[in-house]
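Dropping query_20.tsv in here (TSV, C-alpha atoms):
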```
chain	number	residue	atom	x	y	z
I	1135	MET	CA	-4.38	-137.59	-143.49
I	1136	ASN	CA	-3.92	-136.96	-139.81
I	1137	ARG	CA	-1.94	-139.74	-138.22
I	1138	GLU	CA	-3.62	-139.18	-134.88
I	1139	ALA	CA	-6.89	-140.35	-136.39
I	1140	PHE	CA	-5.72	-143.96	-136.18
I	1141	VAL	CA	-5.25	-143.89	-132.45
I	1142	ASN	CA	-7.97	-143.65	-129.86
I	1143	LYS	CA	-6.54	-141.52	-127.05
I	1144	ASN	CA	-8.91	-143.05	-124.52
I	1145	MET	CA	-7.69	-146.57	-125.10
I	1146	LYS	CA	-6.85	-148.58	-122.00
I	1147	ILE	CA	-3.15	-149.38	-121.77
I	1148	LEU	CA	-1.36	-151.82	-119.45
I	1149	ILE	CA	2.30	-151.07	-118.67
I	1150	VAL	CA	4.29	-154.10	-117.47
I	1151	ASP	CA	7.80	-153.68	-116.07
I	1152	ASP	CA	9.42	-154.92	-112.85
I	1153	PHE	CA	11.09	-151.53	-112.29
I	1154	SER	CA	8.63	-148.98	-110.95
I	1155	THR	CA	10.84	-146.15	-112.26
I	1156	MET	CA	10.49	-147.42	-115.83
I	1157	ARG	CA	6.72	-147.84	-115.39
I	1158	ARG	CA	6.52	-144.21	-114.27
I	1159	ILE	CA	8.62	-143.05	-117.22
I	1160	ILE	CA	6.43	-144.89	-119.74
I	1161	LYS	CA	3.25	-143.73	-117.98
I	1162	ASN	CA	4.42	-140.09	-118.14
I	1163	LEU	CA	5.46	-140.40	-121.78
I	1164	LEU	CA	2.08	-141.88	-122.65
I	1165	ARG	CA	0.33	-139.08	-120.78
I	1166	ASP	CA	2.47	-136.61	-122.72
I	1167	LEU	CA	1.23	-138.26	-125.93
I	1168	GLY	CA	-2.37	-137.88	-124.73
I	1169	TYR	CA	-3.01	-141.36	-123.33
I	1170	ASN	CA	-4.27	-141.04	-119.78
I	1171	ASN	CA	-6.02	-144.36	-119.31
I	1172	THR	CA	-3.14	-146.51	-118.07
I	1173	ALA	CA	-2.61	-149.25	-115.48
I	1174	GLU	CA	0.55	-150.99	-114.28
I	1175	ALA	CA	1.76	-154.50	-113.43
I	1176	ASP	CA	5.19	-155.68	-112.31
I	1177	ASP	CA	5.42	-158.97	-114.20
I	1178	GLY	CA	3.56	-161.39	-116.46
I	1179	ASN	CA	1.91	-163.24	-113.61
I	1180	THR	CA	0.16	-160.10	-112.35
I	1181	ALA	CA	-0.44	-158.74	-115.85
I	1182	LEU	CA	-2.16	-161.77	-117.39
I	1183	PRO	CA	-5.26	-161.87	-115.13
I	1184	MET	CA	-5.58	-158.08	-115.49
I	1185	LEU	CA	-5.54	-158.43	-119.28
I	1186	GLN	CA	-8.00	-161.33	-119.21
I	1187	ASN	CA	-10.53	-159.41	-117.14
I	1188	GLY	CA	-9.84	-155.77	-117.88
I	1189	ASN	CA	-10.76	-154.94	-121.50
I	1190	TYR	CA	-7.36	-153.53	-122.33
I	1191	ASP	CA	-6.68	-152.08	-125.77
I	1192	PHE	CA	-2.90	-152.07	-125.70
I	1193	LEU	CA	-0.04	-153.78	-123.85
I	1194	VAL	CA	3.43	-152.31	-123.30
I	1195	THR	CA	5.74	-154.88	-121.70
I	1196	ASP	CA	9.33	-155.38	-120.64
I	1197	TRP	CA	11.06	-158.70	-121.34
I	1198	ASN	CA	13.42	-159.38	-118.41
I	1199	MET	CA	11.24	-159.74	-115.30
I	1200	PRO	CA	11.21	-162.11	-112.33
I	1201	GLY	CA	8.18	-164.36	-112.30
I	1202	MET	CA	6.75	-164.45	-115.81
I	1203	PRO	CA	9.00	-162.72	-118.37
I	1204	GLY	CA	7.53	-160.56	-121.14
I	1205	ILE	CA	8.07	-163.11	-123.90
I	1206	ASP	CA	5.98	-165.67	-121.97
I	1207	LEU	CA	3.31	-163.03	-121.33
I	1208	LEU	CA	3.20	-162.33	-125.07
I	1209	ARG	CA	2.77	-166.04	-125.81
I	1210	ALA	CA	0.10	-166.37	-123.12
I	1211	VAL	CA	-1.81	-163.43	-124.64
I	1212	ARG	CA	-1.63	-164.93	-128.15
I	1213	ALA	CA	-2.75	-168.31	-126.77
I	1214	ASP	CA	-5.87	-166.92	-125.06
I	1215	PRO	CA	-8.80	-166.58	-127.51
I	1216	ARG	CA	-10.27	-163.68	-125.52
I	1217	ILE	CA	-7.20	-161.44	-125.83
I	1218	LYS	CA	-5.20	-162.97	-128.68
I	1219	ASP	CA	-5.60	-159.88	-130.90
I	1220	LEU	CA	-4.34	-157.42	-128.29
I	1221	PRO	CA	-1.60	-155.20	-129.78
I	1222	VAL	CA	1.66	-155.74	-127.87
I	1223	LEU	CA	4.64	-153.39	-127.81
I	1224	MET	CA	7.82	-154.72	-126.23
I	1225	VAL	CA	10.06	-152.14	-124.53
I	1226	THR	CA	13.18	-153.92	-123.32
I	1227	ALA	CA	16.95	-153.84	-122.92
I	1228	GLU	CA	17.16	-157.28	-124.56
I	1229	ALA	CA	19.06	-156.55	-127.76
I	1230	LYS	CA	20.11	-159.90	-129.23
I	1231	ARG	CA	18.96	-160.46	-132.78
I	1232	GLU	CA	17.69	-163.93	-131.90
I	1233	GLN	CA	15.52	-162.42	-129.17
I	1234	ILE	CA	13.99	-159.83	-131.51
I	1235	ILE	CA	13.27	-162.61	-134.01
I	1236	GLU	CA	11.81	-164.75	-131.21
I	1237	ALA	CA	9.48	-161.91	-130.21
I	1238	ALA	CA	8.48	-161.32	-133.83
I	1239	GLN	CA	7.67	-165.00	-134.24
I	1240	ALA	CA	5.65	-164.95	-131.02
I	1241	GLY	CA	3.53	-162.21	-132.57
I	1242	VAL	CA	4.81	-158.93	-131.13
I	1243	ASN	CA	3.50	-155.77	-132.84
I	1244	GLY	CA	6.47	-153.54	-132.07
I	1245	TYR	CA	9.89	-153.77	-130.42
I	1246	ILE	CA	11.74	-150.89	-128.75
I	1247	VAL	CA	15.21	-151.31	-127.23
I	1248	LYS	CA	16.09	-149.40	-124.09
I	1249	PRO	CA	17.33	-146.76	-123.72
I	1250	PHE	CA	14.73	-145.18	-125.99
I	1251	THR	CA	13.32	-141.72	-126.68
I	1252	ALA	CA	9.82	-140.25	-126.34
I	1253	GLU	CA	9.79	-139.82	-130.12
I	1254	THR	CA	10.50	-143.54	-130.70
I	1255	LEU	CA	7.62	-144.49	-128.43
I	1256	ARG	CA	5.20	-142.17	-130.25
I	1257	GLU	CA	6.39	-143.41	-133.63
I	1258	LYS	CA	5.96	-147.10	-132.78
I	1259	ILE	CA	2.51	-146.67	-131.22
I	1260	ASP	CA	1.33	-144.70	-134.27
I	1261	LYS	CA	2.81	-147.31	-136.61
I	1262	ILE	CA	1.17	-150.22	-134.77
I	1263	PHE	CA	-2.30	-148.69	-134.94
I	1264	GLU	CA	-1.80	-147.45	-138.48
I	1265	ARG	CA	-1.03	-151.00	-139.54
I	1266	LEU	CA	-3.94	-152.47	-137.59
I	1267	GLU	CA	-6.24	-149.93	-139.25
I	1268	GLN	CA	-4.94	-150.92	-142.70
I	1269	GLN	CA	-5.45	-154.60	-141.92
I	1270	GLN	CA	-9.02	-153.98	-140.87
I	1271	ALA	CA	-9.80	-151.80	-143.90
G	1124	MET	CA	38.15	-188.58	-86.40
G	1125	ASN	CA	35.18	-190.63	-87.57
G	1126	PRO	CA	33.81	-193.72	-85.71
G	1127	SER	CA	35.50	-196.29	-87.93
G	1128	ASP	CA	38.85	-194.60	-87.30
G	1129	GLU	CA	38.11	-194.75	-83.56
G	1130	ASP	CA	37.29	-198.46	-83.81
G	1131	THR	CA	40.47	-199.17	-85.73
G	1132	ALA	CA	42.49	-197.26	-83.16
G	1133	ALA	CA	40.87	-199.15	-80.27
G	1134	ILE	CA	41.53	-202.51	-81.88
G	1135	PHE	CA	45.11	-201.47	-82.62
G	1136	LYS	CA	45.62	-200.36	-79.00
G	1137	GLU	CA	44.20	-203.66	-77.74
G	1138	GLU	CA	46.54	-205.64	-79.97
G	1139	GLN	CA	49.55	-203.57	-78.94
G	1140	LEU	CA	48.65	-204.08	-75.25
G	1141	ALA	CA	48.36	-207.87	-75.76
G	1142	ARG	CA	51.77	-207.93	-77.44
G	1143	ALA	CA	53.29	-205.82	-74.65
G	1144	ARG	CA	51.96	-208.28	-72.04
G	1145	GLU	CA	53.40	-211.14	-74.10
G	1146	LEU	CA	56.73	-209.28	-74.28
G	1147	VAL	CA	56.87	-208.88	-70.46
G	1148	GLN	CA	56.07	-212.59	-70.11
G	1149	LEU	CA	58.79	-213.61	-72.59
G	1150	MET	CA	61.39	-211.40	-70.89
G	1151	GLU	CA	60.46	-212.68	-67.42
G	1152	SER	CA	60.76	-216.26	-68.66
G	1153	GLY	CA	64.20	-215.38	-70.12
G	1154	ASP	CA	63.31	-216.02	-73.78
G	1155	GLU	CA	65.67	-213.42	-75.27
G	1156	ALA	CA	65.23	-214.54	-78.88
G	1157	GLY	CA	61.40	-214.57	-78.63
G	1158	ALA	CA	61.42	-211.12	-76.99
G	1159	GLY	CA	63.66	-209.72	-79.77
G	1160	ARG	CA	61.34	-211.08	-82.44
G	1161	LEU	CA	58.30	-209.57	-80.73
G	1162	ILE	CA	59.92	-206.12	-80.41
G	1163	GLU	CA	60.62	-206.16	-84.17
G	1164	GLU	CA	57.05	-207.22	-84.85
G	1165	LEU	CA	55.72	-204.36	-82.69
G	1166	GLY	CA	57.73	-201.85	-84.71
G	1167	GLN	CA	56.50	-203.29	-88.00
G	1168	THR	CA	52.83	-203.11	-87.00
G	1169	HIS	CA	53.28	-199.50	-86.05
G	1170	GLU	CA	54.93	-198.72	-89.36
G	1171	SER	CA	52.27	-200.49	-91.38
G	1172	VAL	CA	49.50	-198.52	-89.62
G	1173	LEU	CA	51.40	-195.32	-90.28
G	1174	PHE	CA	51.82	-196.21	-93.96
G	1175	SER	CA	48.18	-197.11	-94.43
G	1176	GLN	CA	47.07	-193.81	-92.86
G	1177	LEU	CA	49.51	-191.88	-95.00
G	1178	GLY	CA	48.18	-193.75	-98.05
G	1179	LYS	CA	44.63	-192.83	-97.13
G	1180	LEU	CA	45.56	-189.16	-96.73
G	1181	THR	CA	47.30	-189.16	-100.10
G	1182	ARG	CA	44.25	-190.71	-101.76
G	1183	ASP	CA	41.93	-188.13	-100.17
G	1184	LEU	CA	44.15	-185.29	-101.27
G	1185	HIS	CA	44.25	-186.70	-104.80
G	1186	GLU	CA	40.45	-186.96	-104.89
G	1187	ALA	CA	40.03	-183.44	-103.56
G	1188	LEU	CA	42.38	-182.08	-106.22
G	1189	ASN	CA	40.55	-184.00	-108.95
G	1190	ALA	CA	37.22	-182.70	-107.70
G	1191	PHE	CA	38.60	-179.18	-107.78
G	1192	ARG	CA	39.85	-179.61	-111.34
G	1193	SER	CA	36.57	-181.07	-112.58
G	1194	ASP	CA	34.61	-178.17	-111.06
G	1195	THR	CA	34.58	-176.20	-114.29
G	1196	ARG	CA	31.96	-173.72	-113.08
G	1197	LEU	CA	34.49	-172.22	-110.70
G	1198	ALA	CA	37.06	-172.01	-113.47
G	1199	GLU	CA	34.49	-170.34	-115.74
G	1200	LEU	CA	33.65	-167.90	-112.97
G	1201	THR	CA	37.22	-166.76	-112.59
G	1202	ARG	CA	38.05	-166.76	-116.30
G	1203	GLN	CA	34.94	-165.11	-117.72
G	1204	ASP	CA	32.34	-164.00	-115.21
G	1205	ILE	CA	34.47	-162.08	-112.72
G	1206	PRO	CA	36.17	-159.91	-115.39
G	1207	ASP	CA	32.70	-159.45	-116.97
G	1208	ALA	CA	31.32	-158.36	-113.61
G	1209	LYS	CA	33.96	-155.64	-113.43
G	1210	GLU	CA	32.87	-154.35	-116.86
G	1211	ARG	CA	29.21	-154.53	-115.81
G	1212	LEU	CA	29.88	-152.46	-112.72
G	1213	ASN	CA	31.84	-149.98	-114.85
G	1214	TYR	CA	28.76	-149.76	-117.08
G	1215	VAL	CA	26.69	-148.95	-113.99
G	1216	VAL	CA	29.11	-146.17	-113.01
G	1217	THR	CA	29.03	-144.72	-116.54
G	1218	MET	CA	25.23	-144.92	-116.84
G	1219	THR	CA	24.57	-143.31	-113.47
G	1220	GLU	CA	27.10	-140.58	-114.23
G	1221	GLN	CA	25.49	-139.84	-117.61
G	1222	SER	CA	22.03	-139.71	-116.08
G	1223	ALA	CA	23.17	-137.39	-113.31
G	1224	HIS	CA	24.72	-135.05	-115.90
G	1225	ARG	CA	21.61	-135.14	-118.12
G	1226	THR	CA	19.50	-134.22	-115.10
G	1227	LEU	CA	21.89	-131.51	-113.92
G	1228	ASN	CA	22.13	-130.01	-117.41
G	1229	ALA	CA	18.35	-129.80	-117.64
G	1230	VAL	CA	18.16	-128.21	-114.19
G	1231	GLU	CA	20.88	-125.69	-115.04
G	1232	GLU	CA	18.98	-124.71	-118.20
G	1233	SER	CA	15.66	-124.45	-116.37
G	1234	LEU	CA	16.62	-122.48	-113.28
G	1235	PRO	CA	17.56	-119.20	-115.10
G	1236	LEU	CA	14.39	-119.49	-117.23
G	1237	SER	CA	12.08	-119.86	-114.23
G	1238	GLU	CA	13.97	-117.13	-112.33
G	1239	SER	CA	13.65	-114.72	-115.26
G	1240	LEU	CA	9.94	-115.51	-115.73
G	1241	ALA	CA	9.26	-114.93	-112.03
G	1242	GLN	CA	11.21	-111.66	-112.02
G	1243	ARG	CA	9.49	-110.25	-115.12
G	1244	ALA	CA	6.06	-111.37	-113.89
G	1245	GLY	CA	6.72	-109.59	-110.60
G	1246	HIS	CA	7.70	-106.39	-112.41
G	1247	LEU	CA	4.61	-106.50	-114.66
G	1248	ARG	CA	2.34	-107.24	-111.70
G	1249	ALA	CA	3.54	-104.01	-110.04
G	1250	GLU	CA	2.89	-102.05	-113.28
G	1251	TRP	CA	-0.50	-103.74	-113.65
G	1252	SER	CA	-1.60	-102.72	-110.17
G	1253	ARG	CA	-0.55	-99.09	-110.88
G	1254	PHE	CA	-2.69	-99.24	-114.04
G	1255	ARG	CA	-5.66	-100.63	-112.07
G	1256	GLN	CA	-5.34	-97.84	-109.57
G	1257	ARG	CA	-5.31	-95.35	-112.47
G	1258	GLU	CA	-1.84	-94.13	-111.58
G	1259	MET	CA	-0.54	-94.57	-115.11
G	1260	SER	CA	-0.27	-92.15	-118.01
G	1261	LEU	CA	-1.29	-93.24	-121.52
G	1262	ASP	CA	2.37	-93.26	-122.71
G	1263	GLU	CA	3.39	-95.40	-119.76
G	1264	PHE	CA	0.51	-97.76	-120.45
G	1265	ARG	CA	1.57	-98.15	-124.09
G	1266	GLU	CA	5.04	-99.12	-122.88
G	1267	VAL	CA	3.69	-101.59	-120.31
G	1268	SER	CA	1.36	-103.03	-122.90
G	1269	ALA	CA	4.33	-103.70	-125.22
G	1270	HIS	CA	6.23	-105.31	-122.29
G	1271	LEU	CA	3.24	-107.48	-121.56
G	1272	GLY	CA	3.05	-108.64	-125.18
G	1273	ARG	CA	6.72	-109.60	-125.23
G	1274	PHE	CA	6.41	-111.27	-121.84
G	1275	LEU	CA	3.54	-113.46	-123.03
G	1276	GLU	CA	5.49	-114.49	-126.14
G	1277	ASP	CA	8.59	-115.30	-124.08
G	1278	THR	CA	6.55	-117.19	-121.50
G	1279	GLU	CA	5.04	-119.37	-124.19
G	1280	ARG	CA	8.52	-120.09	-125.58
G	1281	ASP	CA	10.18	-120.62	-122.18
G	1282	ALA	CA	7.37	-122.79	-120.84
G	1283	GLU	CA	7.99	-125.09	-123.82
G	1284	LYS	CA	11.72	-125.09	-122.99
G	1285	LEU	CA	10.88	-125.99	-119.39
G	1286	ARG	CA	8.60	-128.79	-120.58
G	1287	GLN	CA	11.43	-130.17	-122.72
G	1288	ALA	CA	13.88	-129.95	-119.82
G	1289	LEU	CA	11.43	-131.78	-117.55
G	1290	SER	CA	10.97	-134.50	-120.20
G	1291	GLU	CA	14.75	-134.79	-120.32
G	1292	VAL	CA	14.82	-135.25	-116.54
G	1293	LEU	CA	12.07	-137.87	-116.87
G	1294	MET	CA	13.93	-139.85	-119.54
G	1295	ALA	CA	17.23	-139.59	-117.66
G	1296	GLN	CA	15.69	-141.74	-114.93
G	1297	ASP	CA	15.78	-144.80	-117.22
G	1298	PHE	CA	19.23	-145.54	-115.78
G	1299	GLN	CA	17.60	-147.04	-112.68
G	1300	ASP	CA	15.99	-149.82	-114.72
G	1301	LEU	CA	19.03	-150.43	-116.94
G	1302	THR	CA	21.62	-150.43	-114.15
G	1303	GLY	CA	19.26	-152.30	-111.83
G	1304	GLN	CA	19.09	-155.20	-114.28
G	1305	VAL	CA	22.89	-155.25	-114.56
G	1306	ILE	CA	23.39	-155.07	-110.78
G	1307	ARG	CA	20.95	-157.94	-110.25
G	1308	ARG	CA	23.01	-159.99	-112.67
G	1309	VAL	CA	26.19	-159.26	-110.70
G	1310	ILE	CA	24.39	-160.20	-107.45
G	1311	THR	CA	23.47	-163.56	-109.00
G	1312	LEU	CA	27.12	-164.01	-109.96
G	1313	VAL	CA	28.32	-163.22	-106.42
G	1314	GLN	CA	25.78	-165.74	-105.07
G	1315	ASP	CA	27.00	-168.32	-107.58
G	1316	LEU	CA	30.62	-167.66	-106.60
G	1317	GLU	CA	29.78	-168.00	-102.92
G	1318	ASP	CA	28.02	-171.35	-103.47
G	1319	ASN	CA	31.00	-172.63	-105.46
G	1320	LEU	CA	33.53	-171.50	-102.86
G	1321	VAL	CA	31.50	-173.18	-100.12
G	1322	GLY	CA	31.47	-176.32	-102.25
G	1323	LEU	CA	35.22	-176.10	-102.70
G	1324	VAL	CA	35.80	-175.68	-98.97
G	1325	ARG	CA	33.65	-178.78	-98.35
G	1326	VAL	CA	35.51	-180.84	-100.95
G	1327	SER	CA	38.99	-179.89	-99.77
G	1328	GLY	CA	38.12	-179.83	-96.07
G	1329	GLN	CA	35.92	-182.65	-94.90
G	1330	ARG	CA	35.15	-184.50	-98.16
G	1331	LEU	CA	31.51	-184.39	-97.18
G	1332	ALA	CA	30.15	-183.14	-100.45
G	1333	LYS	CA	30.45	-184.55	-103.91
G	1334	PRO	CA	31.73	-181.99	-106.44
G	1335	GLU	CA	28.42	-182.30	-108.37
G	1336	GLU	CA	26.69	-180.63	-105.45
G	1337	GLY	CA	27.21	-177.09	-104.39
G	1338	HIS	CA	26.20	-175.08	-107.44
G	1339	PRO	CA	22.44	-175.11	-107.65
G	1340	GLU	CA	22.61	-171.76	-109.50
G	1341	THR	CA	23.98	-173.25	-112.70
G	1342	ALA	CA	20.71	-174.74	-113.93
G	1343	ASP	CA	18.91	-171.56	-112.99
G	1344	ARG	CA	21.39	-169.44	-114.89
G	1345	ASP	CA	21.04	-171.50	-118.02
G	1346	GLY	CA	17.28	-171.28	-117.81
G	1347	GLU	CA	17.63	-167.55	-117.47
G	1348	LYS	CA	19.71	-167.36	-120.63
G	1349	ASP	CA	17.03	-169.25	-122.52
G	1350	ASN	CA	14.03	-167.21	-121.72
G	1351	ARG	CA	14.08	-164.69	-118.96
G	1352	GLY	CA	16.45	-162.29	-120.67
G	1353	THR	CA	19.70	-160.99	-119.36
G	1354	GLY	CA	19.27	-157.22	-119.27
G	1355	PRO	CA	21.30	-154.66	-121.18
G	1356	SER	CA	24.31	-156.02	-123.04
G	1357	VAL	CA	27.53	-154.49	-121.78
G	1358	SER	CA	30.43	-153.93	-124.16
G	1359	GLY	CA	33.70	-155.67	-123.28
G	1360	THR	CA	31.89	-158.67	-121.77
G	1361	SER	CA	30.71	-162.05	-123.04
G	1362	ASP	CA	27.44	-160.29	-123.95
G	1363	GLN	CA	28.92	-159.17	-127.26
G	1364	GLY	CA	27.25	-161.79	-129.38
G	1365	ASP	CA	24.83	-160.96	-132.15
G	1366	VAL	CA	23.48	-157.80	-130.56
G	1367	VAL	CA	21.73	-154.89	-132.27
G	1368	SER	CA	23.38	-151.51	-131.84
G	1369	GLY	CA	20.21	-149.45	-131.46
G	1370	GLN	CA	16.60	-148.84	-132.48
G	1371	ASP	CA	17.53	-148.42	-136.17
G	1372	ASP	CA	19.01	-151.93	-136.18
G	1373	VAL	CA	15.87	-153.31	-134.56
G	1374	ASP	CA	13.66	-151.61	-137.15
G	1375	GLU	CA	15.81	-152.92	-139.98
G	1376	LEU	CA	15.74	-156.47	-138.61
G	1377	LEU	CA	11.98	-156.39	-138.12
G	1378	SER	CA	11.33	-154.96	-141.58
G	1379	SER	CA	13.48	-157.75	-143.04
G	1380	LEU	CA	11.05	-160.12	-141.29
G	1381	GLY	CA	8.13	-158.43	-143.00
G	1382	PHE	CA	7.19	-155.93	-140.29
```
Here is a file; write its structure as structure tokens.
Amino acid sequence: MNREAFVNKNMKILIVDDFSTMRRIIKNLLRDLGYNNTAEADDGNTALPMLQNGNYDFLVTDWNMPGMPGIDLLRAVRADPRIKDLPVLMVTAEAKREQIIEAAQAGVNGYIVKPFTAETLREKIDKIFERLEQQQA
Amino acid sequence: MNPSDEDTAAIFKEEQLARARELVQLMESGDEAGAGRLIEELGQTHESVLFSQLGKLTRDLHEALNAFRSDTRLAELTRQDIPDAKERLNYVVTMTEQSAHRTLNAVEESLPLSESLAQRAGHLRAEWSRFRQREMSLDEFREVSAHLGRFLEDTERDAEKLRQALSEVLMAQDFQDLTGQVIRRVITLVQDLEDNLVGLVRVSGQRLAKPEEGHPETADRDGEKDNRGTGPSVSGTSDQGDVVSGQDDVDELLSSLGF
């Protein structure tokens, strides 16, 4: 079965990172993978209202950000009934085991450590939606 | 000199002046024994003031030294954080160097490809216009047609190579995020160090500040460790705790948690 079938290429994706260079990298990688419907935010405080009002299908967030860090954004998303089921992929340089476990316990759907490759990003996105599809079936 | 010191000095001067007047009186009246006693007394008062001031200075110095010793943040800074900062800045140098090389390699691969494509396209365009103007024999056309076929194949292949090289250039820019996080951490450290040095100068200079004051960064730093994240872990620093070594480690850990 075609893997691509799991993923809707028109889905609306929010990219959250305090470094504009990293946002551009992720945005270009996503475009390369066929996802063109993306928006950006530079920390959790700007991202949360966008998520609450914007009908997003997918969130890609950094951890270490001034203002609201990614882990708090993840918790805020899971705590809000309107967006609690939003798939969240963390893309971060935070590499301590306890942090990865913390993110898993907070309900993250995927975790990528920087530096990462385009292939890793594609793999994790496919895997997240594959799993969601299986859960719904 | 603070006001209480001034007061003490004024009182002391007043007392000395009164004694001096008394001394003149005693000497004028011919009381040699009384005058001798008073002179001795004057010397003693002076000595006792000197001793008490010396005592005060010693106590202050002692307190300042104790305050310095109990300021563990400064000790921690010099023992751990400053050497760590050197490693972090080395990491920045290495990362930026690697990224520059990745970018330059991709550019060096791409330039000959784009030059060759442009050159061959130019050559074929000239042949094509001769064909359009019916200046070409059938044999020549067969040859050009074969060239064109090969050119299209090569263009397809080389355009993919160029796309890969451009992706490589794109990914090489991740250094700005990674080194930026590390540099921010070093900036926080320098700020912390500055605050602590200012505190130290206060303690040892004018005794205006208590040693507890002067490092407002400490609480902030701890909070940061808890939640905000600390950026990339740099080898050879205190970061080397229980850190994953790459994406494979992350995947393994997550799958052990049922992911």
Mind dumping a table of every chain I residue within 7 Å of chain G, with the nearest atom pair and its distance in Å to one decimal, using all atoms listed in the file, sorted by chain and rising number, as CSV?
```
residue,atom,partner,partner_atom,distance
I:Phe1153,CA,G:Asp1300,CA,5.7
I:Thr1155,CA,G:Asp1300,CA,6.8
I:Met1156,CA,G:Asp1297,CA,6.1
I:Ile1159,CA,G:Leu1293,CA,6.2
I:Trp1197,CA,G:Gly1352,CA,6.5
I:Asn1198,CA,G:Gly1352,CA,4.8
I:Met1199,CA,G:Arg1351,CA,6.8
I:Pro1203,CA,G:Arg1351,CA,5.5
I:Ala1227,CA,G:Pro1355,CA,4.8
I:Glu1228,CA,G:Gly1354,CA,5.7
I:Ala1229,CA,G:Val1366,CA,5.4
I:Lys1230,CA,G:Val1366,CA,4.2
I:Arg1231,CA,G:Val1366,CA,5.7
I:Ile1246,CA,G:Gln1370,CA,6.5
I:Val1247,CA,G:Gln1370,CA,6.0
I:Pro1249,CA,G:Asp1297,CA,7.0
```
Using atom CA of G:Lys1284 and atom CA of G:Glu1232 as the two end points, give the distance in Å to one decimal.
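Computed distance, atom CA of G:Lys1284 to atom CA of G:Glu1232, equals 8.7 Å.
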Quick one: everything within 12 Å of G:Phe1135, counting all atoms listed in the file, minus sequence neighbours fewer than 2 positions away in the same chain. Send it as a VMD selection string.
chain G and resid 1128 to 1133 1137 to 1142 1165 1168 to 1169 1171 to 1173
Excluding same-chain residues fewer than 4 positions from stretch 1175-1192 of chain G, what lies within 7 Å of it counting all atoms listed in the file, as a list in words?
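The residues satisfying every condition are Ser1171, Leu1323, Val1326, Ser1327 and Pro1334 of chain G.
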Near I:Ala1240, counting all atoms listed in the file, which residues have an atom at most 7 Å away, once you skip same-chain residues fewer than 3 positions from it, shown as a list in words?
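Using all atoms listed in the file, the neighbours found are Leu1208, Arg1209, Glu1236 and Ala1237 of chain I.
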Just want the 9 Å neighbourhood of G:Leu1316, counted on all atoms listed in the file, with same-chain residues fewer than 4 positions away dropped. Output as a short mmCIF file (atom, residue, chain, number, x, y, z; two decimals) with C-alpha atoms, in the frame of the given file.
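As a result, part-v4.cif now contains:
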```cif
data_model
loop_
_atom_site.label_atom_id
_atom_site.label_comp_id
_atom_site.auth_asym_id
_atom_site.auth_seq_id
_atom_site.Cartn_x
_atom_site.Cartn_y
_atom_site.Cartn_z
CA ARG G 1196 31.96 -173.72 -113.08
CA LEU G 1197 34.49 -172.22 -110.70
CA LEU G 1200 33.65 -167.90 -112.97
CA THR G 1201 37.22 -166.76 -112.59
CA THR G 1311 23.47 -163.56 -109.00
CA LEU G 1312 27.12 -164.01 -109.96
CA LEU G 1320 33.53 -171.50 -102.86
CA VAL G 1321 31.50 -173.18 -100.12
CA HIS G 1338 26.20 -175.08 -107.44
#
```
What gap, in Å, lies between atom CA of G:Ala1229 and atom CA of I:Glu1257?
24.2 Å
Polymer residues at most 6 Å from I:Asn1243, all atoms listed in the file, same-chain spacing of 5 or more positions, as a CSV table (one decimal) with C-alpha atoms, in the coordinates of the input:
```csv
chain,number,residue,atom,x,y,z
I,1221,PRO,CA,-1.6,-155.2,-129.8
I,1222,VAL,CA,1.7,-155.7,-127.9
I,1223,LEU,CA,4.6,-153.4,-127.8
```
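Our summary of the geometry notes that atom CA of I:Ala1252 is positioned 19.1 Å from atom CA of I:Lys1146.
Comparing I:Val1211, I:Met1224, I:Leu1193, I:Ile1149 by their smallest distance to I:Asn1162, the closest is I:Ile1149 (using all atoms listed in the file).
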Reconstructed stretch 1168-1175 of chain I, atom set N, CA and C atoms, as a PDB file, keeping the file's coordinate frame:
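Produced file selection_4.pdb, reproduced below:
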```pdb
ATOM      1  N   GLY I1168      -0.914-138.014-124.785  1.00  0.00           N
ATOM      2  CA  GLY I1168      -2.370-137.880-124.730  1.00  0.00           C
ATOM      3  C   GLY I1168      -3.107-139.107-124.221  1.00  0.00           C
ATOM      4  N   TYR I1169      -2.356-140.150-123.851  1.00  0.00           N
ATOM      5  CA  TYR I1169      -3.010-141.360-123.330  1.00  0.00           C
ATOM      6  C   TYR I1169      -3.006-141.326-121.809  1.00  0.00           C
ATOM      7  N   ASN I1170      -4.178-141.166-121.238  1.00  0.00           N
ATOM      8  CA  ASN I1170      -4.270-141.040-119.780  1.00  0.00           C
ATOM      9  C   ASN I1170      -4.784-142.283-119.087  1.00  0.00           C
ATOM     10  N   ASN I1171      -5.360-143.200-119.892  1.00  0.00           N
ATOM     11  CA  ASN I1171      -6.020-144.360-119.310  1.00  0.00           C
ATOM     12  C   ASN I1171      -5.036-145.535-119.208  1.00  0.00           C
ATOM     13  N   THR I1172      -4.162-145.472-118.181  1.00  0.00           N
ATOM     14  CA  THR I1172      -3.140-146.510-118.070  1.00  0.00           C
ATOM     15  C   THR I1172      -3.218-147.234-116.729  1.00  0.00           C
ATOM     16  N   ALA I1173      -2.750-148.487-116.722  1.00  0.00           N
ATOM     17  CA  ALA I1173      -2.610-149.250-115.480  1.00  0.00           C
ATOM     18  C   ALA I1173      -1.253-149.925-115.522  1.00  0.00           C
ATOM     19  N   GLU I1174      -0.802-150.426-114.358  1.00  0.00           N
ATOM     20  CA  GLU I1174       0.550-150.990-114.280  1.00  0.00           C
ATOM     21  C   GLU I1174       0.547-152.385-113.657  1.00  0.00           C
ATOM     22  N   ALA I1175       1.526-153.196-114.062  1.00  0.00           N
ATOM     23  CA  ALA I1175       1.760-154.500-113.430  1.00  0.00           C
ATOM     24  C   ALA I1175       3.260-154.745-113.418  1.00  0.00           C
TER      25      ALA I1175
END
```
